[in-house]
Structure formats: structure tokens, C-alpha cells
Amino acid sequence: MKLDTSGLESTSPFFGSGDELCPELLAAPSFALPLSTDFDEFQKDTKATLKHAKGTTTLAFIFKEGVMVAADSRASMGGYISSQSVKKIIEINPYMLGTMAGGAADCQFWHRNLGIKCRLHELANKRRISVTGASKLLANILYSYRGMGLSVGTMIAGWDETGPGLYYVDSEGGRLKGTRFSVGSGSPYAYGVLDSGLTCLLKKLRSWLEELFIMQHSEMQPVVVLQAFIMWDQMDGRSCLVMMLESFTTIIIQSRPVRWSKKWLKSQGHN
Amino acid sequence: MARYDRAITVFSPDGHLFQVEYALEAVRKGNAAVGVRGTDTIVLGVEKKSTVKLQDSRSVRKIVSLDNHIALACAGLKADARVLINRARIECQSHRLTVEDPVTVEYITRYIAGLQQKYTQSGGVRPFGLSTLIVGFDPYTGVPSLYQTDPSGTFSAWKANATGRNSNSMREFLEKNYKETSGQETIKLAIRALLEVCC
């Protein structure tokens, strides 16, 4: 199995060998893999050894104004909650976001790496990379590490020349284009909310977010409405981070601890 | 066992790469090719000698497509051209596969030029003996572009250019008569440039 370590290279080799003139189609540097008689057991062992932080809910959807990305902020290892303030939305570059679900280290490293590749693409081609291209780069790398214990369930959301884009990419090598995704152990609940049709709320959402953005700056009130979207999975995580992509910039809105969100929503006349 | 790691292209005392310059000579002996860029059109023209009577002229392809939106014409060693064109075609598809986007003209030109340069700095090989004219439209903006590469591996964009036999006189003609055209006018300009040196 040829491993694609092009993501790990920092510079191309200075002295090319004679072989470079007749390369195989998609040749990449590779290193020897461990010899094992039972590869499936090896896979299982790898996954068991690295106990990944789980217990995540992340979601993203495309709507009229752009792409909405939301995630909780709890990190848990088994039953132990290790952090309540994890940033699970990673900025790949100013117009692309990635979400973290699965292994935190894997997600962070490979998103950072993807950011490097996107920047290099920009410099070489004098043009931003498309969301399609970026997600494809990540998916190809993850595919070549398939079976080696990476745990990444991510959504690449961004804005490019063709408009808003949303892709789901995972460490099994899957890559899907879509308008609504949710990843993590809380995803079934999120899908329930997403699929039941939030169109009534979406129009309001923008104006709410604007208000909240202003409020956040004037430190009047915590961000209440967003918590309501993500109240599931027995989670009372302290904050949720929501980032909205509009045209070529991102707006970051962070929430604060909240208790009466559902009540507040009801008082606004929405359910 | 002979070892093919000694470079053939080495510097001369006064800083020339003679193999590359000899390759340019080979280009100067090749058939003429001209490219003209208009506002919404690009034209590639090549000179075709019709002295060979028994040859099936349809099997001789001098203008080839690298992808749906990119075409290439070259002057020089046609056998070298075949190798370069095949590699470029593979690269076009490979790019489509990895980033799900068609190549831009600039990207594929940079690739071809990079390939030509590699062969001037490797052991046991000689440079490609051809200059190419690469034309195409940007896949998203639709802007036409014309690029030229040469055996040394340099490339640049042009409004109009010519390579091969008598390229200097064709270029002079184009310099005198070039203006922004579109459609049939661009084709006429290219043909007039070729007529300067042919027949």
C-alpha cells in the first residue's frame, strides 16, 4: 500500500534522481509499513490504543446567506470530561472552515496541513483553491492513511467562486457533497432538528446573529438562541461556537453560559 | 554497465548552455506556427508543407488538444512533441482528479515548461527540441490566453507570437499589425502572418 506522505513534506527534494524523469502516474514518497500477519487485528489494536476524544456534536448547513457551522465545546474521554472549552471549528484559511470530530490531534494536524496546501495552491496558481479542491486534497490524504488508525470526521465548509460549499470528509476515505451535515455522537439528534425543517428560523437567524454580534461587543446579553439548536446529547457544555461564512469572510460569534434558552425561545414565539 | 548520471547539458565558460541553444536551432528549423489572441478568440495556425505526395496528410496532426479547453501547437522535433504532449495530457486529467477542476492554461504551461527544464538539468538526457504555443480559455472566467514555452524551460504569456521557421519575420509582422480583434478578424490576422512567410 503506497502511503501519500505529500502532506508531511515541507519542501521538495533538492537533488532529483534520474527516476524522476519517468515517474509513475501518482508516485509519492513512501515508507515501509509494519509487517503483520493479521492486518485487521492491527487496525483494531491501533484504534484501541489511541483512545480518541469522542462525544461531539458538530453540524453545518448551507442556507440563503451562506454556510452555517456550529459545534459544541466538550471533550470527553470515555466518561471523563476533559474540557468544556474546546474549539472544534478550525479555521483552515479566512474563507474556509473545518470541524473537528473524532481524534482531536488528527483533526487539528490535518486541517493545519490542509491550510498549508491551500496556501501553496494559491501562491502557485494566483487563485484561491475551491472548496471542492480543498476537500479532495484532504480526502485523498486520509484515504492513503486508511486502516492506520486515523480518526477524523470533518466537514469542510467554505465560500469560493461557485458560491458556498460544504463537504463531509472522513478518515475512512469518504467524501460527500451536501447541503446539511452533522458529525459526532450527537449527530442523530442534530439531524432530527435539521431535517425537521428550520426554514422558519433561518430568516430570523441572520438578524439575530447581527444583533447578537452587536450585543456581544456591548456585552449585554449572552448568545441564547444558538444554544437551543445544540441542546442534546446530555450536554450542558459551557459554550458553543458558531461561525458563519458570508462572501469571503467569517463572522465569529461565541456564546456564554446560558440557562433559560428554551424559555427565551418560547417567549419569542418560536418552538 | 554505463551510468547515465553525467549531465549532457553543462555550462560553457561564458555561461551558455550549448545543448539548449542547439535545441533552439532545431526549433528554428521546424515548421512555422503562429498564435494570436483576441478578446474572445484565440487562433493557432501552423504551416503545412504539401510536397510529400504519398503521405496521408490527415495522419499528421500539428495542432493537438490537451483537454477540452486547451490546445497546443509546436515547432521542432515532432517525436519529442509526442512525449511532451502525452505527459501534459496525463497531467491535465490528474489535476481534474485531485482538485476536481480543469487546469488553467497557465498551470499546464508551467507544467510543460517545468518538464522541459528538468531535461536540461538531469543526467544522461538531452533537452526537448521544441517550442510550444499553448492556447486555451480559463475554465471559469472564459478569458483566452496564449503562452509559449521553449527548450530552456522558460514560458511567458503573449498577445501574439510565432515560432519555428521564419518566426522573426512573422513576429515583426504581428508587432506591426496587431490590434485587439475578435472572431474572424483574429483568424485573418493569423493567416496573414503565416502568408508572410509561406508560399
# chains A, B, ... in the order shown; residues from 1 in each chain; ligands from 1
call {"tool": "select_by_dssp", "arguments": {"residues": "range 43-152 of chain B", "states": "helix (DSSP H, G or I)", "output": "PDB file with C-alpha atoms, in the first residue's frame"}}
result
ATOM      1  CA  SER B  57      -1.691  14.179 -44.595  1.00  0.00           C
ATOM      2  CA  ARG B  58      -4.583  13.555 -42.238  1.00  0.00           C
ATOM      3  CA  SER B  59      -2.380  11.383 -40.044  1.00  0.00           C
ATOM      4  CA  LYS B  78       7.828  16.180 -33.607  1.00  0.00           C
ATOM      5  CA  ALA B  79       8.833  12.965 -31.869  1.00  0.00           C
ATOM      6  CA  ASP B  80       9.803  14.919 -28.760  1.00  0.00           C
ATOM      7  CA  ALA B  81       6.458  16.691 -29.047  1.00  0.00           C
ATOM      8  CA  ARG B  82       4.585  13.411 -28.790  1.00  0.00           C
ATOM      9  CA  VAL B  83       6.263  12.586 -25.482  1.00  0.00           C
ATOM     10  CA  LEU B  84       5.620  16.028 -24.057  1.00  0.00           C
ATOM     11  CA  ILE B  85       2.002  16.084 -25.205  1.00  0.00           C
ATOM     12  CA  ASN B  86       1.277  12.699 -23.654  1.00  0.00           C
ATOM     13  CA  ARG B  87       2.714  13.791 -20.321  1.00  0.00           C
ATOM     14  CA  ALA B  88       0.731  17.043 -20.473  1.00  0.00           C
ATOM     15  CA  ARG B  89      -2.489  15.185 -21.224  1.00  0.00           C
ATOM     16  CA  ILE B  90      -1.946  12.918 -18.245  1.00  0.00           C
ATOM     17  CA  GLU B  91      -1.280  15.933 -16.062  1.00  0.00           C
ATOM     18  CA  CYS B  92      -4.496  17.599 -17.202  1.00  0.00           C
ATOM     19  CA  GLN B  93      -6.501  14.560 -16.138  1.00  0.00           C
ATOM     20  CA  SER B  94      -4.543  14.102 -12.946  1.00  0.00           C
ATOM     21  CA  HIS B  95      -5.317  17.691 -12.000  1.00  0.00           C
ATOM     22  CA  ARG B  96      -9.006  17.086 -12.690  1.00  0.00           C
ATOM     23  CA  LEU B  97      -8.868  14.071 -10.439  1.00  0.00           C
ATOM     24  CA  THR B  98      -7.107  15.632  -7.481  1.00  0.00           C
ATOM     25  CA  VAL B  99      -8.827  19.002  -7.309  1.00  0.00           C
ATOM     26  CA  VAL B 105      -3.708  27.433 -19.279  1.00  0.00           C
ATOM     27  CA  GLU B 106      -1.055  28.893 -17.026  1.00  0.00           C
ATOM     28  CA  TYR B 107      -0.887  25.752 -14.904  1.00  0.00           C
ATOM     29  CA  ILE B 108      -0.370  23.363 -17.792  1.00  0.00           C
ATOM     30  CA  THR B 109       2.127  25.725 -19.419  1.00  0.00           C
ATOM     31  CA  ARG B 110       4.056  25.841 -16.173  1.00  0.00           C
ATOM     32  CA  TYR B 111       3.995  22.061 -16.068  1.00  0.00           C
ATOM     33  CA  ILE B 112       5.254  21.655 -19.629  1.00  0.00           C
ATOM     34  CA  ALA B 113       7.929  24.287 -19.107  1.00  0.00           C
ATOM     35  CA  GLY B 114       8.959  22.592 -15.874  1.00  0.00           C
ATOM     36  CA  LEU B 115       9.287  19.313 -17.726  1.00  0.00           C
ATOM     37  CA  GLN B 116      11.402  20.920 -20.423  1.00  0.00           C
ATOM     38  CA  GLN B 117      13.629  22.479 -17.776  1.00  0.00           C
ATOM     39  CA  LYS B 118      14.051  19.180 -15.947  1.00  0.00           C
TER      40      LYS B 118
END
call {"tool": "interface_residues", "arguments": {"of": "chain A", "to": "chain B", "cutoff": "7 Å", "atoms": "only C-alpha atoms", "output": "list in words"}}
result
Gly18, Asn125, Thr132, Gly133, Lys136 and Leu137 of chain A
call {"tool": "write_last_selection", "arguments": {"atoms": "C-alpha atoms", "output": "PDB file, in the first residue's frame"}}
result
ATOM      1  CA  GLY A  18      17.210  10.061 -12.646  1.00  0.00           C
ATOM      2  CA  ASN A 125      -1.939  29.378  -9.222  1.00  0.00           C
ATOM      3  CA  THR A 132     -14.153  21.075  -3.854  1.00  0.00           C
ATOM      4  CA  GLY A 133     -10.422  21.023  -4.379  1.00  0.00           C
ATOM      5  CA  LYS A 136     -10.496  16.476  -2.293  1.00  0.00           C
ATOM      6  CA  LEU A 137      -6.926  17.086  -1.154  1.00  0.00           C
TER       7      LEU A 137
END
call {"tool": "residues_around", "arguments": {"residues": "range 180-193 of chain B", "least_positions_apart": "3", "cutoff": "7 Å", "atoms": "only C-alpha atoms", "output": "list in words"}}
result
Val34, Gly35, Val36, Gly38, Thr39, Asp40, Thr41, Val43, Gly45, Met170, Phe173, Leu174 and Glu196 of chain B
call {"tool": "closest_residue", "arguments": {"among": "A:Glu161, A:Val169, A:Thr56, A:Glu65", "to": "Ser83 in chain A", "atoms": "only C-alpha atoms"}}
result
A:Thr56
call {"tool": "residues_around", "arguments": {"residues": "range 13-20 of chain B", "least_positions_apart": "6", "cutoff": "7 Å", "atoms": "only C-alpha atoms", "output": "PyMOL selection string"}}
result
chain B and resi 127+151-152
call {"tool": "write_last_selection", "arguments": {"atoms": "all heavy atoms", "output": "mmCIF file, in the first residue's frame"}}
result
data_model
loop_
_atom_site.group_PDB
_atom_site.id
_atom_site.type_symbol
_atom_site.label_atom_id
_atom_site.label_comp_id
_atom_site.auth_asym_id
_atom_site.auth_seq_id
_atom_site.Cartn_x
_atom_site.Cartn_y
_atom_site.Cartn_z
ATOM 1 N N PRO B 127 17.914 18.030 -23.920
ATOM 2 C CA PRO B 127 16.685 18.816 -23.841
ATOM 3 C C PRO B 127 15.707 18.446 -24.952
ATOM 4 O O PRO B 127 16.102 17.898 -25.971
ATOM 5 C CB PRO B 127 17.164 20.260 -24.020
ATOM 6 C CG PRO B 127 18.614 20.236 -23.755
ATOM 7 C CD PRO B 127 19.099 18.884 -24.122
ATOM 8 N N PRO B 151 12.830 25.341 -25.301
ATOM 9 C CA PRO B 151 13.615 24.215 -24.762
ATOM 10 C C PRO B 151 14.328 24.520 -23.447
ATOM 11 O O PRO B 151 14.648 23.598 -22.700
ATOM 12 C CB PRO B 151 14.646 23.940 -25.863
ATOM 13 C CG PRO B 151 14.016 24.446 -27.102
ATOM 14 C CD PRO B 151 13.178 25.605 -26.710
ATOM 15 N N SER B 152 14.557 25.789 -23.142
ATOM 16 C CA SER B 152 15.238 26.071 -21.885
ATOM 17 C C SER B 152 14.293 25.955 -20.701
ATOM 18 O O SER B 152 14.725 25.916 -19.559
ATOM 19 C CB SER B 152 15.823 27.480 -21.916
ATOM 20 O OG SER B 152 14.754 28.410 -22.048
#
